[in-house]
$ cat input-v4.tsv   # TSV, C-alpha atoms and all ligand atoms
chain	number	residue	atom	x	y	z
A	1	MET	CA	-10.79	5.03	-7.43
A	2	ALA	CA	-9.61	1.99	-5.57
A	3	TYR	CA	-6.52	0.15	-6.72
A	4	VAL	CA	-7.54	-3.43	-7.26
A	5	PHE	CA	-4.89	-6.08	-7.73
A	6	THR	CA	-6.56	-8.00	-10.52
A	7	LYS	CA	-5.36	-11.30	-11.95
A	8	ASP	CA	-3.84	-9.67	-15.04
A	9	LEU	CA	-1.42	-7.82	-12.75
A	10	GLU	CA	0.08	-11.01	-11.33
A	11	THR	CA	3.57	-11.83	-12.52
A	12	GLY	CA	3.46	-15.31	-11.02
A	13	ILE	CA	6.52	-14.49	-8.91
A	14	ALA	CA	5.28	-14.69	-5.32
A	15	VAL	CA	7.66	-12.19	-3.72
A	16	ILE	CA	7.14	-9.59	-6.46
A	17	ASP	CA	3.36	-10.01	-6.43
A	18	SER	CA	3.19	-9.55	-2.67
A	19	GLN	CA	5.30	-6.39	-2.88
A	20	HIS	CA	3.00	-5.09	-5.61
A	21	ARG	CA	-0.01	-5.78	-3.38
A	22	GLU	CA	1.69	-3.80	-0.65
A	23	ILE	CA	1.99	-0.67	-2.79
A	24	PHE	CA	-1.63	-1.01	-3.89
A	25	ASP	CA	-2.65	-1.14	-0.21
A	26	ALA	CA	-0.65	2.04	0.43
A	27	MET	CA	-2.31	3.84	-2.49
A	28	ASN	CA	-5.72	2.77	-1.19
A	29	ARG	CA	-4.88	4.01	2.30
A	30	LEU	CA	-4.13	7.40	0.77
A	31	ALA	CA	-7.39	7.37	-1.21
A	32	ASP	CA	-9.37	6.42	1.93
A	33	ALA	CA	-7.69	9.18	3.90
A	34	CYS	CA	-8.59	11.69	1.19
A	35	ALA	CA	-12.21	10.53	1.26
A	36	LYS	CA	-12.24	11.07	5.03
A	37	GLY	CA	-10.62	14.46	4.72
A	38	THR	CA	-7.32	13.38	6.30
A	39	GLY	CA	-5.36	13.14	3.07
A	40	ARG	CA	-2.89	15.83	4.04
A	41	GLN	CA	-1.59	13.85	7.01
A	42	GLU	CA	-1.42	10.69	4.95
A	43	ILE	CA	0.67	12.25	2.18
A	44	GLU	CA	3.82	12.48	4.26
A	45	LYS	CA	3.45	8.84	5.33
A	46	MET	CA	2.85	7.85	1.73
A	47	LEU	CA	5.91	9.65	0.40
A	48	HIS	CA	8.06	8.17	3.15
A	49	PHE	CA	6.70	4.70	2.45
A	50	LEU	CA	7.18	5.14	-1.29
A	51	ASN	CA	10.78	6.23	-0.92
A	52	ASN	CA	11.72	3.15	1.13
A	53	TYR	CA	9.54	0.85	-0.91
A	54	ILE	CA	11.02	1.65	-4.30
A	55	ALA	CA	14.59	1.27	-3.06
A	56	LYS	CA	13.82	-2.21	-1.72
A	57	HIS	CA	11.33	-3.38	-4.33
A	58	PHE	CA	13.18	-2.19	-7.44
A	59	GLY	CA	16.39	-3.55	-5.95
A	60	ASP	CA	14.77	-6.97	-5.48
A	61	GLU	CA	13.41	-6.96	-9.03
A	62	GLU	CA	16.72	-5.90	-10.55
A	63	LYS	CA	18.57	-8.60	-8.60
A	64	MET	CA	16.22	-11.18	-10.07
A	65	HIS	CA	16.66	-9.75	-13.58
A	66	ALA	CA	20.43	-10.15	-13.25
A	67	GLN	CA	20.13	-13.59	-11.67
A	68	TYR	CA	18.04	-14.88	-14.57
A	69	ASN	CA	19.95	-12.96	-17.22
A	70	TYR	CA	16.82	-11.10	-18.33
A	71	PRO	CA	17.58	-9.54	-21.73
A	72	GLU	CA	15.35	-6.48	-21.07
A	73	ARG	CA	17.01	-5.68	-17.76
A	74	ILE	CA	18.76	-2.45	-18.84
A	75	LYS	CA	15.57	-1.02	-20.31
A	76	HIS	CA	13.63	-2.11	-17.23
A	77	LYS	CA	16.15	-0.49	-14.89
A	78	ASN	CA	15.82	2.77	-16.86
A	79	TYR	CA	12.06	2.75	-16.21
A	80	HIS	CA	12.79	2.33	-12.51
A	81	GLU	CA	15.35	5.14	-12.52
A	82	ASN	CA	12.94	7.52	-14.24
A	83	PHE	CA	10.25	6.66	-11.75
A	84	LYS	CA	12.65	7.34	-8.86
A	85	LEU	CA	13.19	10.83	-10.32
A	86	THR	CA	9.42	11.37	-10.39
A	87	VAL	CA	9.12	10.34	-6.75
A	88	ASN	CA	12.02	12.61	-5.80
A	89	GLU	CA	10.30	15.53	-7.52
A	90	LEU	CA	7.11	14.86	-5.57
A	91	ILE	CA	9.09	14.73	-2.32
A	92	LYS	CA	10.73	18.03	-3.22
A	93	GLU	CA	7.34	19.53	-3.98
A	94	TYR	CA	6.06	18.33	-0.60
A	95	ARG	CA	9.04	19.90	1.15
A	96	THR	CA	8.58	23.27	-0.51
A	97	ASP	CA	4.80	23.55	-0.82
A	98	GLY	CA	3.53	21.06	1.77
A	99	ALA	CA	0.60	18.71	1.36
A	100	SER	CA	-1.96	19.78	-1.21
A	101	ILE	CA	-4.80	18.38	-3.23
A	102	GLY	CA	-2.62	18.89	-6.29
A	103	LEU	CA	0.02	16.62	-4.81
A	104	VAL	CA	-2.54	13.90	-4.13
A	105	GLY	CA	-3.61	14.22	-7.75
A	106	LYS	CA	-0.05	13.78	-8.90
A	107	LEU	CA	0.40	10.75	-6.64
A	108	ASN	CA	-2.52	9.17	-8.42
A	109	SER	CA	-1.60	10.20	-11.95
A	110	LYS	CA	2.19	9.90	-11.79
A	111	VAL	CA	2.62	7.14	-9.22
A	112	GLY	CA	-0.56	5.06	-9.26
A	113	MET	CA	-1.04	5.01	-13.01
A	114	TRP	CA	2.66	4.45	-13.64
A	115	LEU	CA	2.65	1.47	-11.28
A	116	LEU	CA	-0.43	-0.04	-12.88
A	117	ASN	CA	1.07	0.20	-16.36
A	118	HIS	CA	4.55	-0.84	-15.34
A	119	ILE	CA	3.33	-3.89	-13.43
A	120	LYS	CA	1.07	-4.95	-16.26
A	121	ARG	CA	3.60	-4.44	-19.06
A	122	GLU	CA	7.19	-4.60	-17.84
A	123	ASP	CA	6.85	-6.77	-14.74
A	124	GLY	CA	4.38	-8.98	-16.58
A	125	ALA	CA	6.92	-9.43	-19.38
A	126	PHE	CA	9.55	-10.55	-16.88
A	127	GLY	CA	7.07	-13.00	-15.35
A	128	THR	CA	6.40	-14.45	-18.79
A	129	TYR	CA	10.14	-14.67	-19.49
A	130	LEU	CA	10.76	-16.50	-16.23
A	131	LYS	CA	7.95	-18.97	-16.92
A	132	SER	CA	9.37	-19.73	-20.37
A	133	LYS	CA	12.82	-20.22	-18.88
A	134	ASN	CA	11.59	-22.57	-16.19
A	135	GLY	CA	9.44	-24.43	-18.68
B	1	FE	FE	9.68	-3.26	-12.34
$ encode --input "input-v4.tsv" --output "C-alpha cells" --more "lines below"
Ligand SMILES: [Fe+2]
Amino acid sequence: MAYVFTKDLETGIAVIDSQHREIFDAMNRLADACAKGTGRQEIEKMLHFLNNYIAKHFGDEEKMHAQYNYPERIKHKNYHENFKLTVNELIKEYRTDGASIGLVGKLNSKVGMWLLNHIKREDGAFGTYLKSKNG
C-alpha cells in the first residue's frame, strides 16, 4: 500500500505539511524496497531516519503548540512520547533480531497507521485551532 498525502491530511501549516510529506516518502521508499526484495537493507535506513525525524519534527510541532498556547498541547505531547517509545522498541527489536518481514509489518502497522491517524486527527485539530486563532 502506498502512502498518499491526500488533502484531508493537510494541516494548512506549510512547514508541518512538508515534514509530513517527508515521512510519507520514507514509508513509500520502504514499501518499494520490500516490493523489490531489498526491504531488509532499507529497514536500517528507515529506523535511522525515523529516529532523527521524530526528534526534529515533534520538537517543531511542540514549539508551535507552546508558541500559540494550544490548549491540547499536553495531550498531544503524550501521543508523541508514546510513539517515541514504540519507535524505540522497534529499534531494539532490530538490534536483537535484525531485519525481518515481521519488523516491516510492524513499521506499517505501528508507524505508518499511527502517523496517518495522528496527522488526520491531532495535527489536523491543531491546524484548525491555528486557523481559528488567525481568523
Ligand atoms: Fe503531532
$ closest_residue --input "input-v4.tsv" --among "A:Gln19, A:Gln41, A:Ser132, A:Thr6" --to "ligand FE 1 (chain B)" --atoms "all atoms listed in the file"
A:Gln19
$ closest_residue --input "input-v4.tsv" --among "A:Met64, A:Ile91, A:Ile43, A:Met27" --to "ligand FE 1 (chain B)" --atoms "all atoms listed in the file"
A:Met64
$ residues_near_ligand --input "input-v4.tsv" --ligand "ligand FE 1 (chain B)" --cutoff "8 Å" --atoms "all atoms listed in the file" --output "mmCIF file with C-alpha atoms, in the frame of the given file"
data_model
loop_
_atom_site.group_PDB
_atom_site.id
_atom_site.type_symbol
_atom_site.label_atom_id
_atom_site.label_comp_id
_atom_site.auth_asym_id
_atom_site.auth_seq_id
_atom_site.Cartn_x
_atom_site.Cartn_y
_atom_site.Cartn_z
ATOM 1 C CA PHE A 58 13.180 -2.190 -7.440
ATOM 2 C CA GLU A 61 13.410 -6.960 -9.030
ATOM 3 C CA GLU A 62 16.720 -5.900 -10.550
ATOM 4 C CA HIS A 76 13.630 -2.110 -17.230
ATOM 5 C CA LYS A 77 16.150 -0.490 -14.890
ATOM 6 C CA TYR A 79 12.060 2.750 -16.210
ATOM 7 C CA HIS A 80 12.790 2.330 -12.510
ATOM 8 C CA HIS A 118 4.550 -0.840 -15.340
ATOM 9 C CA ILE A 119 3.330 -3.890 -13.430
ATOM 10 C CA GLU A 122 7.190 -4.600 -17.840
ATOM 11 C CA ASP A 123 6.850 -6.770 -14.740
#
$ closest_residue --input "input-v4.tsv" --among "A:Met46, A:Leu85, A:Cys34, A:Ile16" --to "A:Gly59" --atoms "only C-alpha atoms"
A:Ile16
$ residues_around --input "input-v4.tsv" --residues "A:Tyr3" --least-positions-apart "4" --cutoff "9 Å" --atoms "only C-alpha atoms" --output "VMD selection string"
chain A and resid 24 to 25 27 to 28 112 116
$ closest_residue --input "input-v4.tsv" --among "A:Gly12, A:Tyr70, A:Lys56, A:Glu44" --to "A:Arg95" --atoms "all atoms listed in the file"
A:Glu44
$ closest_residue --input "input-v4.tsv" --among "A:His57, A:Leu90, A:Phe49, A:Asp8" --to "A:Asn108" --atoms "only C-alpha atoms"
A:Leu90
